[in-house]
Structures are given as structure tokens and as C-alpha cells.
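Next comes target_37.pdb, a file with PDB, C-alpha atoms and all ligand atoms.
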ATOM      1  CA  MET A  11    -143.683  36.462  75.642  1.00  0.00           C
ATOM      2  CA  ALA A  12    -144.778  40.063  75.845  1.00  0.00           C
ATOM      3  CA  MET A  13    -142.888  42.437  78.108  1.00  0.00           C
ATOM      4  CA  ALA A  14    -144.440  44.168  81.103  1.00  0.00           C
ATOM      5  CA  ALA A  15    -145.293  47.769  80.428  1.00  0.00           C
ATOM      6  CA  MET A  16    -144.428  50.863  82.429  1.00  0.00           C
ATOM      7  CA  TYR A  17    -146.824  53.799  82.442  1.00  0.00           C
ATOM      8  CA  THR A  18    -146.034  57.291  83.690  1.00  0.00           C
ATOM      9  CA  VAL A  19    -149.305  58.530  85.147  1.00  0.00           C
ATOM     10  CA  GLY A  20    -150.342  61.710  83.344  1.00  0.00           C
ATOM     11  CA  ASP A  21    -147.584  61.094  80.801  1.00  0.00           C
ATOM     12  CA  ALA A  22    -145.268  64.120  80.512  1.00  0.00           C
ATOM     13  CA  VAL A  23    -147.418  66.240  82.865  1.00  0.00           C
ATOM     14  CA  GLY A  24    -147.127  63.738  85.710  1.00  0.00           C
ATOM     15  CA  TRP A  25    -149.230  63.581  88.881  1.00  0.00           C
ATOM     16  CA  THR A  26    -150.651  67.034  89.619  1.00  0.00           C
ATOM     17  CA  ILE A  27    -153.822  69.105  89.662  1.00  0.00           C
ATOM     18  CA  MET A  28    -152.198  71.901  87.649  1.00  0.00           C
ATOM     19  CA  GLY A  29    -151.708  70.228  84.282  1.00  0.00           C
ATOM     20  CA  GLY A  30    -155.283  69.777  83.179  1.00  0.00           C
ATOM     21  CA  VAL A  31    -154.901  66.010  82.988  1.00  0.00           C
ATOM     22  CA  ASP A  32    -158.087  63.950  83.074  1.00  0.00           C
ATOM     23  CA  TYR A  33    -156.680  60.946  84.947  1.00  0.00           C
ATOM     24  CA  ARG A  34    -159.810  58.898  84.463  1.00  0.00           C
ATOM     25  CA  LYS A  35    -159.544  59.357  80.716  1.00  0.00           C
ATOM     26  CA  TRP A  36    -155.794  58.692  80.888  1.00  0.00           C
ATOM     27  CA  ALA A  37    -156.453  55.341  82.563  1.00  0.00           C
ATOM     28  CA  ASP A  38    -159.478  54.427  80.457  1.00  0.00           C
ATOM     29  CA  HIS A  39    -157.409  54.478  77.289  1.00  0.00           C
ATOM     30  CA  LYS A  40    -155.047  51.773  78.525  1.00  0.00           C
ATOM     31  CA  ASP A  41    -155.109  48.059  79.286  1.00  0.00           C
ATOM     32  CA  PHE A  42    -153.251  47.142  82.462  1.00  0.00           C
ATOM     33  CA  TYR A  43    -151.886  43.660  83.110  1.00  0.00           C
ATOM     34  CA  VAL A  44    -150.291  41.928  86.081  1.00  0.00           C
ATOM     35  CA  GLY A  45    -146.618  42.885  86.126  1.00  0.00           C
ATOM     36  CA  ASP A  46    -147.148  46.327  84.609  1.00  0.00           C
ATOM     37  CA  THR A  47    -145.851  49.293  86.577  1.00  0.00           C
ATOM     38  CA  LEU A  48    -147.405  52.690  87.261  1.00  0.00           C
ATOM     39  CA  VAL A  49    -144.884  55.504  87.687  1.00  0.00           C
ATOM     40  CA  PHE A  50    -145.973  58.583  89.625  1.00  0.00           C
ATOM     41  CA  LYS A  51    -143.827  61.689  89.096  1.00  0.00           C
ATOM     42  CA  TYR A  52    -144.671  64.709  91.267  1.00  0.00           C
ATOM     43  CA  SER A  53    -143.425  67.191  93.844  1.00  0.00           C
ATOM     44  CA  ASN A  54    -143.920  65.550  97.236  1.00  0.00           C
ATOM     45  CA  GLN A  55    -144.363  68.975  98.820  1.00  0.00           C
ATOM     46  CA  TYR A  56    -147.732  69.168  97.084  1.00  0.00           C
ATOM     47  CA  HIS A  57    -148.847  65.628  96.335  1.00  0.00           C
ATOM     48  CA  ASN A  58    -148.691  62.004  97.335  1.00  0.00           C
ATOM     49  CA  VAL A  59    -150.231  58.738  96.157  1.00  0.00           C
ATOM     50  CA  LYS A  60    -152.653  56.668  98.167  1.00  0.00           C
ATOM     51  CA  GLN A  61    -154.202  53.359  97.257  1.00  0.00           C
ATOM     52  CA  VAL A  62    -157.634  53.193  98.863  1.00  0.00           C
ATOM     53  CA  SER A  63    -160.789  51.088  98.944  1.00  0.00           C
ATOM     54  CA  GLN A  64    -163.563  51.629  96.420  1.00  0.00           C
ATOM     55  CA  LYS A  65    -165.694  53.264  99.111  1.00  0.00           C
ATOM     56  CA  ASP A  66    -162.937  55.689 100.079  1.00  0.00           C
ATOM     57  CA  PHE A  67    -162.211  56.327  96.409  1.00  0.00           C
ATOM     58  CA  LEU A  68    -165.788  57.351  95.706  1.00  0.00           C
ATOM     59  CA  SER A  69    -165.988  59.629  98.759  1.00  0.00           C
ATOM     60  CA  CYS A  70    -162.402  60.931  98.506  1.00  0.00           C
ATOM     61  CA  ASN A  71    -161.677  59.705 102.022  1.00  0.00           C
ATOM     62  CA  THR A  72    -157.887  59.815 102.362  1.00  0.00           C
ATOM     63  CA  THR A  73    -157.630  58.881 106.053  1.00  0.00           C
ATOM     64  CA  SER A  74    -157.545  55.062 105.828  1.00  0.00           C
ATOM     65  CA  PRO A  75    -155.377  54.141 102.833  1.00  0.00           C
ATOM     66  CA  ILE A  76    -154.330  50.603 101.931  1.00  0.00           C
ATOM     67  CA  ALA A  77    -150.920  51.976 100.929  1.00  0.00           C
ATOM     68  CA  THR A  78    -149.295  55.404 100.837  1.00  0.00           C
ATOM     69  CA  TYR A  79    -146.461  56.535  98.583  1.00  0.00           C
ATOM     70  CA  MET A  80    -144.717  59.871  98.986  1.00  0.00           C
ATOM     71  CA  THR A  81    -141.269  59.891  97.408  1.00  0.00           C
ATOM     72  CA  GLY A  82    -142.277  61.953  94.369  1.00  0.00           C
ATOM     73  CA  SER A  83    -141.007  59.172  92.126  1.00  0.00           C
ATOM     74  CA  ASP A  84    -143.078  56.141  92.997  1.00  0.00           C
ATOM     75  CA  PHE A  85    -143.072  52.891  91.066  1.00  0.00           C
ATOM     76  CA  ILE A  86    -146.131  50.777  91.793  1.00  0.00           C
ATOM     77  CA  THR A  87    -146.072  47.325  90.253  1.00  0.00           C
ATOM     78  CA  LEU A  88    -149.527  45.872  89.667  1.00  0.00           C
ATOM     79  CA  LYS A  89    -149.341  42.481  91.319  1.00  0.00           C
ATOM     80  CA  ARG A  90    -152.956  41.391  91.514  1.00  0.00           C
ATOM     81  CA  THR A  91    -155.861  40.998  89.091  1.00  0.00           C
ATOM     82  CA  SER A  92    -158.124  43.403  90.866  1.00  0.00           C
ATOM     83  CA  HIS A  93    -159.287  46.987  90.942  1.00  0.00           C
ATOM     84  CA  TYR A  94    -156.766  49.549  92.079  1.00  0.00           C
ATOM     85  CA  TYR A  95    -158.140  52.831  93.397  1.00  0.00           C
ATOM     86  CA  LEU A  96    -155.554  55.597  93.498  1.00  0.00           C
ATOM     87  CA  LEU A  97    -155.787  59.199  94.580  1.00  0.00           C
ATOM     88  CA  CYS A  98    -153.794  62.125  95.961  1.00  0.00           C
ATOM     89  CA  GLY A  99    -154.107  62.497  99.719  1.00  0.00           C
ATOM     90  CA  PHE A 100    -153.598  66.268  99.867  1.00  0.00           C
ATOM     91  CA  PRO A 101    -156.725  68.228 100.876  1.00  0.00           C
ATOM     92  CA  GLY A 102    -159.023  68.919  97.949  1.00  0.00           C
ATOM     93  CA  HIS A 103    -156.915  67.206  95.317  1.00  0.00           C
ATOM     94  CA  CYS A 104    -159.037  64.078  95.012  1.00  0.00           C
ATOM     95  CA  GLU A 105    -162.150  66.233  94.725  1.00  0.00           C
ATOM     96  CA  ALA A 106    -160.374  68.238  92.011  1.00  0.00           C
ATOM     97  CA  GLY A 107    -159.935  65.076  89.963  1.00  0.00           C
ATOM     98  CA  GLN A 108    -156.532  63.759  91.056  1.00  0.00           C
ATOM     99  CA  LYS A 109    -157.813  60.197  91.221  1.00  0.00           C
ATOM    100  CA  PHE A 110    -158.364  57.206  88.970  1.00  0.00           C
ATOM    101  CA  GLU A 111    -159.211  53.538  89.106  1.00  0.00           C
ATOM    102  CA  ILE A 112    -157.929  50.682  87.013  1.00  0.00           C
ATOM    103  CA  LEU A 113    -158.827  47.031  86.587  1.00  0.00           C
ATOM    104  CA  VAL A 114    -155.772  44.818  86.200  1.00  0.00           C
ATOM    105  CA  THR A 115    -156.130  41.943  83.742  1.00  0.00           C
ATOM    106  CA  PRO A 116    -154.359  38.556  84.040  1.00  0.00           C
ATOM    107  CA  THR A 117    -151.125  38.418  82.071  1.00  0.00           C
ATOM    108  CA  SER A 118    -152.411  35.424  80.102  1.00  0.00           C
ATOM    109  CA  LEU A 119    -154.954  37.694  78.412  1.00  0.00           C
ATOM    110  CA  ARG A 120    -152.346  40.177  77.220  1.00  0.00           C
ATOM    111  CA  ARG A 121    -152.665  40.826  73.525  1.00  0.00           C
ATOM    112  CA  THR A 122    -149.413  39.614  72.026  1.00  0.00           C
ATOM    113  CA  PRO A 123    -147.991  42.225  69.709  1.00  0.00           C
ATOM    114  CA  SER A 124    -146.107  41.023  66.649  1.00  0.00           C
ATOM    115  CA  THR A 125    -142.442  41.705  67.180  1.00  0.00           C
ATOM    116  CA  VAL A 126    -139.466  42.550  65.038  1.00  0.00           C
ATOM    117  CA  LEU A 127    -138.217  39.040  65.763  1.00  0.00           C
ATOM    118  CA  SER A 128    -141.040  37.355  63.821  1.00  0.00           C
ATOM    119  CA  PRO A 129    -139.657  34.476  61.762  1.00  0.00           C
ATOM    120  CA  SER A 130    -138.819  34.935  58.067  1.00  0.00           C
ATOM    121  CA  PRO A 131    -139.890  38.562  57.615  1.00  0.00           C
ATOM    122  CA  SER A 132    -140.618  39.646  54.052  1.00  0.00           C
ATOM    123  CA  PRO A 133    -139.722  43.112  52.724  1.00  0.00           C
ATOM    124  CA  SER A 134    -143.409  44.112  52.782  1.00  0.00           C
ATOM    125  CA  ASP A 135    -143.456  43.501  56.545  1.00  0.00           C
ATOM    126  CA  ASP A 136    -140.884  46.189  57.058  1.00  0.00           C
ATOM    127  CA  GLU A 137    -143.236  49.135  57.545  1.00  0.00           C
ATOM    128  CA  THR A 138    -145.740  47.128  59.592  1.00  0.00           C
ATOM    129  CA  SER A 139    -143.078  45.904  61.979  1.00  0.00           C
ATOM    130  CA  THR A 140    -141.715  49.396  62.496  1.00  0.00           C
ATOM    131  CA  ILE A 141    -145.160  50.803  63.258  1.00  0.00           C
ATOM    132  CA  THR A 142    -145.950  47.925  65.599  1.00  0.00           C
ATOM    133  CA  PHE A 143    -142.743  48.489  67.493  1.00  0.00           C
ATOM    134  CA  THR A 144    -143.401  52.209  67.881  1.00  0.00           C
ATOM    135  CA  SER A 145    -146.848  51.621  69.311  1.00  0.00           C
ATOM    136  CA  THR A 146    -145.585  49.113  71.868  1.00  0.00           C
ATOM    137  CA  ALA A 147    -142.499  51.064  72.929  1.00  0.00           C
ATOM    138  CA  PRO A 148    -142.385  52.012  76.609  1.00  0.00           C
ATOM    139  CA  PRO A 149    -143.204  55.666  77.246  1.00  0.00           C
ATOM    140  CA  LEU A 150    -139.685  56.868  77.920  1.00  0.00           C
ATOM    141  CA  TYR A 151    -139.778  60.253  76.278  1.00  0.00           C
ATOM    142  CA  SER A 152    -136.149  61.268  76.238  1.00  0.00           C
ATOM    143  CA  SER A 153    -134.800  57.913  75.123  1.00  0.00           C
ATOM    144  CA  ASN A 154    -137.581  57.012  72.692  1.00  0.00           C
ATOM    145  CA  PHE A 155    -135.645  58.131  69.686  1.00  0.00           C
ATOM    146  CA  PHE A 156    -132.493  56.242  70.620  1.00  0.00           C
ATOM    147  CA  LEU A 157    -134.463  53.151  71.531  1.00  0.00           C
ATOM    148  CA  ALA A 158    -136.252  53.256  68.176  1.00  0.00           C
ATOM    149  CA  PHE A 159    -132.941  53.820  66.438  1.00  0.00           C
ATOM    150  CA  LYS A 160    -131.355  50.883  68.223  1.00  0.00           C
ATOM    151  CA  PHE A 161    -134.214  48.595  67.270  1.00  0.00           C
ATOM    152  CA  LEU A 162    -134.140  49.842  63.689  1.00  0.00           C
ATOM    153  CA  VAL A 163    -130.444  48.997  63.458  1.00  0.00           C
ATOM    154  CA  PHE A 164    -131.119  45.651  65.107  1.00  0.00           C
ATOM    155  CA  TYR A 165    -133.912  44.955  62.621  1.00  0.00           C
ATOM    156  CA  LEU A 166    -131.726  45.884  59.649  1.00  0.00           C
ATOM    157  CA  VAL A 167    -128.993  43.562  60.903  1.00  0.00           C
ATOM    158  CA  LEU A 168    -131.537  40.766  61.286  1.00  0.00           C
ATOM    159  CA  THR A 169    -133.019  41.157  57.824  1.00  0.00           C
ATOM    160  CA  GLY A 170    -129.520  41.447  56.365  1.00  0.00           C
ATOM    161  CA  PHE A 171    -128.638  38.208  58.102  1.00  0.00           C
ATOM    162  CA  PHE A 172    -131.672  36.268  56.909  1.00  0.00           C
ATOM    163  CA  PHE A 173    -131.570  37.416  53.284  1.00  0.00           C
TER
HETATM  164 CU    CU B 201    -152.202  66.267  94.863  1.00  0.00          CU
END

How would this structure read if it were set down as C-alpha cells?
Amino acid sequence: MAMAAMYTVGDAVGWTIMGGVDYRKWADHKDFYVGDTLVFKYSNQYHNVKQVSQKDFLSCNTTSPIATYMTGSDFITLKRTSHYYLLCGFPGHCEAGQKFEILVTPTSLRRTPSTVLSPSPSPSDDETSTITFTSTAPPLYSSNFFLAFKFLVFYLVLTGFFF
């Protein structure tokens, strides 16, 4: 069973109009599934997050949102297989490109990545497994290295056990 993913919107830059992030491109490059979480990191003096209808998304109308988030560290779990239209409600920000839409796919269609726990790994699988893990790791920048290290140690213990 594949794990739910967590995505920080705008990656290290976060949710802003100052970082040169193309949020549409950011979203287009990802597949979102039910259970995944979007994380919005921003200064709530200058930004917020509003989920709106498609019509309001297209016209940047921020006055009748479906939901509003404004903590500056918002975790939005994608619960439905539908379009989500998200934008910043501060004047001019949506028009400046602080907006994106996603289509959430049913969990059953999630591509199952091969894991380090695949049965009877052979030595030639070693590099493949490591690369696969790296590409499916959650985007936690500061702890990525330690997470990778932990899994590497775990993998070495496993292979040592089986051989
Ligand atoms: Cu904004």
C-alpha cells in the first residue's frame, strides 16, 4: 500500500508572489491522489489561501470562497476526487499568478512504487531500489538526508538478514 504524499506548495519558496514560482507549472508536474496533503507556508500578513469555484478561480473573484485558510502554515488534505481551485485572497495576488488548480485522482489509481521491502532483493536491485526510494521520498528538505540515511541503514540490515 502506497503512502499518502505531502506537498509543500512552491517547494522551498512557499506560497508568495515574490519568489517567481509558476504555481500552475508546479501543480502540473505532479499527480495528486485522495489522502495527499497540500502544505501552504507563507506570511499571513501578506497572503492567505482560498478554495474557490472554477468560475471564481478563472475571474480571480475572492469574495465567495468555499474555504479560507490563514494560519500561514496550512495543511489541506485532499479528500475528494474532484478539481480543487486554490488562490491567494489578497488584492492583486491571484491576478499576479498566485493560483493553481489540481485534479485529485482516486487512490486506487495510484502508481505503486517498488519499495525497499520488495521480497528477495538481489544485489543488482540495490541501486534501483535506492533511486526509487529517493524519488518517492516526501519533500522534507531538512530531514531528507537523515531519512535517506535511516532507510539506507534499514535496507542494509534487511539485505544482511536475507543473505
Ligand atoms: Cu498572496

What are the closest atom pairs, with distances in Å to one decimal, for all residues of chain A lying within 12 Å of ligand CU 201 (chain B)? Consider only C-alpha atoms and all ligand atoms, order rows by chain and residue number, and present the result as JSON lines.
{"residue": "A:Gly24", "atom": "CA", "partner": "B:CU201", "partner_atom": "CU", "distance": 10.8}
{"residue": "A:Trp25", "atom": "CA", "partner": "B:CU201", "partner_atom": "CU", "distance": 7.2}
{"residue": "A:Thr26", "atom": "CA", "partner": "B:CU201", "partner_atom": "CU", "distance": 5.5}
{"residue": "A:Ile27", "atom": "CA", "partner": "B:CU201", "partner_atom": "CU", "distance": 6.1}
{"residue": "A:Met28", "atom": "CA", "partner": "B:CU201", "partner_atom": "CU", "distance": 9.2}
{"residue": "A:Gly29", "atom": "CA", "partner": "B:CU201", "partner_atom": "CU", "distance": 11.3}
{"residue": "A:Phe50", "atom": "CA", "partner": "B:CU201", "partner_atom": "CU", "distance": 11.2}
{"residue": "A:Lys51", "atom": "CA", "partner": "B:CU201", "partner_atom": "CU", "distance": 11.2}
{"residue": "A:Tyr52", "atom": "CA", "partner": "B:CU201", "partner_atom": "CU", "distance": 8.5}
{"residue": "A:Ser53", "atom": "CA", "partner": "B:CU201", "partner_atom": "CU", "distance": 8.9}
{"residue": "A:Asn54", "atom": "CA", "partner": "B:CU201", "partner_atom": "CU", "distance": 8.6}
{"residue": "A:Gln55", "atom": "CA", "partner": "B:CU201", "partner_atom": "CU", "distance": 9.2}
{"residue": "A:Tyr56", "atom": "CA", "partner": "B:CU201", "partner_atom": "CU", "distance": 5.8}
{"residue": "A:His57", "atom": "CA", "partner": "B:CU201", "partner_atom": "CU", "distance": 3.7}
{"residue": "A:Asn58", "atom": "CA", "partner": "B:CU201", "partner_atom": "CU", "distance": 6.1}
{"residue": "A:Val59", "atom": "CA", "partner": "B:CU201", "partner_atom": "CU", "distance": 7.9}
{"residue": "A:Lys60", "atom": "CA", "partner": "B:CU201", "partner_atom": "CU", "distance": 10.2}
{"residue": "A:Thr72", "atom": "CA", "partner": "B:CU201", "partner_atom": "CU", "distance": 11.4}
{"residue": "A:Tyr79", "atom": "CA", "partner": "B:CU201", "partner_atom": "CU", "distance": 11.9}
{"residue": "A:Met80", "atom": "CA", "partner": "B:CU201", "partner_atom": "CU", "distance": 10.7}
{"residue": "A:Gly82", "atom": "CA", "partner": "B:CU201", "partner_atom": "CU", "distance": 10.8}
{"residue": "A:Leu96", "atom": "CA", "partner": "B:CU201", "partner_atom": "CU", "distance": 11.3}
{"residue": "A:Leu97", "atom": "CA", "partner": "B:CU201", "partner_atom": "CU", "distance": 7.9}
{"residue": "A:Cys98", "atom": "CA", "partner": "B:CU201", "partner_atom": "CU", "distance": 4.6}
{"residue": "A:Gly99", "atom": "CA", "partner": "B:CU201", "partner_atom": "CU", "distance": 6.4}
{"residue": "A:Phe100", "atom": "CA", "partner": "B:CU201", "partner_atom": "CU", "distance": 5.2}
{"residue": "A:Pro101", "atom": "CA", "partner": "B:CU201", "partner_atom": "CU", "distance": 7.8}
{"residue": "A:Gly102", "atom": "CA", "partner": "B:CU201", "partner_atom": "CU", "distance": 7.9}
{"residue": "A:His103", "atom": "CA", "partner": "B:CU201", "partner_atom": "CU", "distance": 4.8}
{"residue": "A:Cys104", "atom": "CA", "partner": "B:CU201", "partner_atom": "CU", "distance": 7.2}
{"residue": "A:Glu105", "atom": "CA", "partner": "B:CU201", "partner_atom": "CU", "distance": 9.9}
{"residue": "A:Ala106", "atom": "CA", "partner": "B:CU201", "partner_atom": "CU", "distance": 8.9}
{"residue": "A:Gly107", "atom": "CA", "partner": "B:CU201", "partner_atom": "CU", "distance": 9.2}
{"residue": "A:Gln108", "atom": "CA", "partner": "B:CU201", "partner_atom": "CU", "distance": 6.3}
{"residue": "A:Lys109", "atom": "CA", "partner": "B:CU201", "partner_atom": "CU", "distance": 9.0}

### Message
Which polymer residues, whether protein, DNA or RNA, lie within 8 Å of the coordinate (-147.7, 54.8, 80.7) when you count all atoms listed in the file? List them as number ranges by chain, using the chain letters and numbers from the file.
### Response
A: 15-21, 48-49, 148-149

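Atom to atom, atom CA of A:Lys35 and atom CA of A:Met13 stand 23.9 Å apart.
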
Report, in Å with one decimal, the straight-line distance from atom CA of A:Val23 to atom CA of A:Asp66.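 Atom-to-atom, atom CA of A:Val23 and atom CA of A:Asp66 are spaced 25.5 Å apart.
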
Ranking A:Ala77, A:Leu119, A:Ile86, A:Val114 by minimum distance to A:Asp38 and counting only C-alpha atoms, which one comes first?
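Answer, going by the shortest atom-to-atom distance: A:Val114.
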
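Here atom CA of A:Gly45 and atom CA of A:Asn71 stand 27.6 Å from one another.
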
Box for stretch 105-119 of chain A: with edges along x, y and z, all listed atoms inside and 3 Å added on each side, what are the centre and edge lengths in Å to one decimal, as JSON?
{"center_x": -156.6, "center_y": 51.8, "center_z": 86.6, "size_x": 17.0, "size_y": 38.8, "size_z": 22.3}

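In this comparison, which uses only C-alpha atoms, the residue of A:Arg34, A:Tyr95, A:Arg90, A:Thr115 approaching A:Leu68 most closely is A:Tyr95.
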
Evaluate the PyMOL selection byres (((chain A and resi 43) around 7) and not hetatm) against this structure - the residues, as a list of chain:residue names, please. A:Asp41, A:Phe42, A:Val44, A:Gly45, A:Asp46, A:Val114, A:Thr115, A:Pro116, A:Thr117, A:Arg120
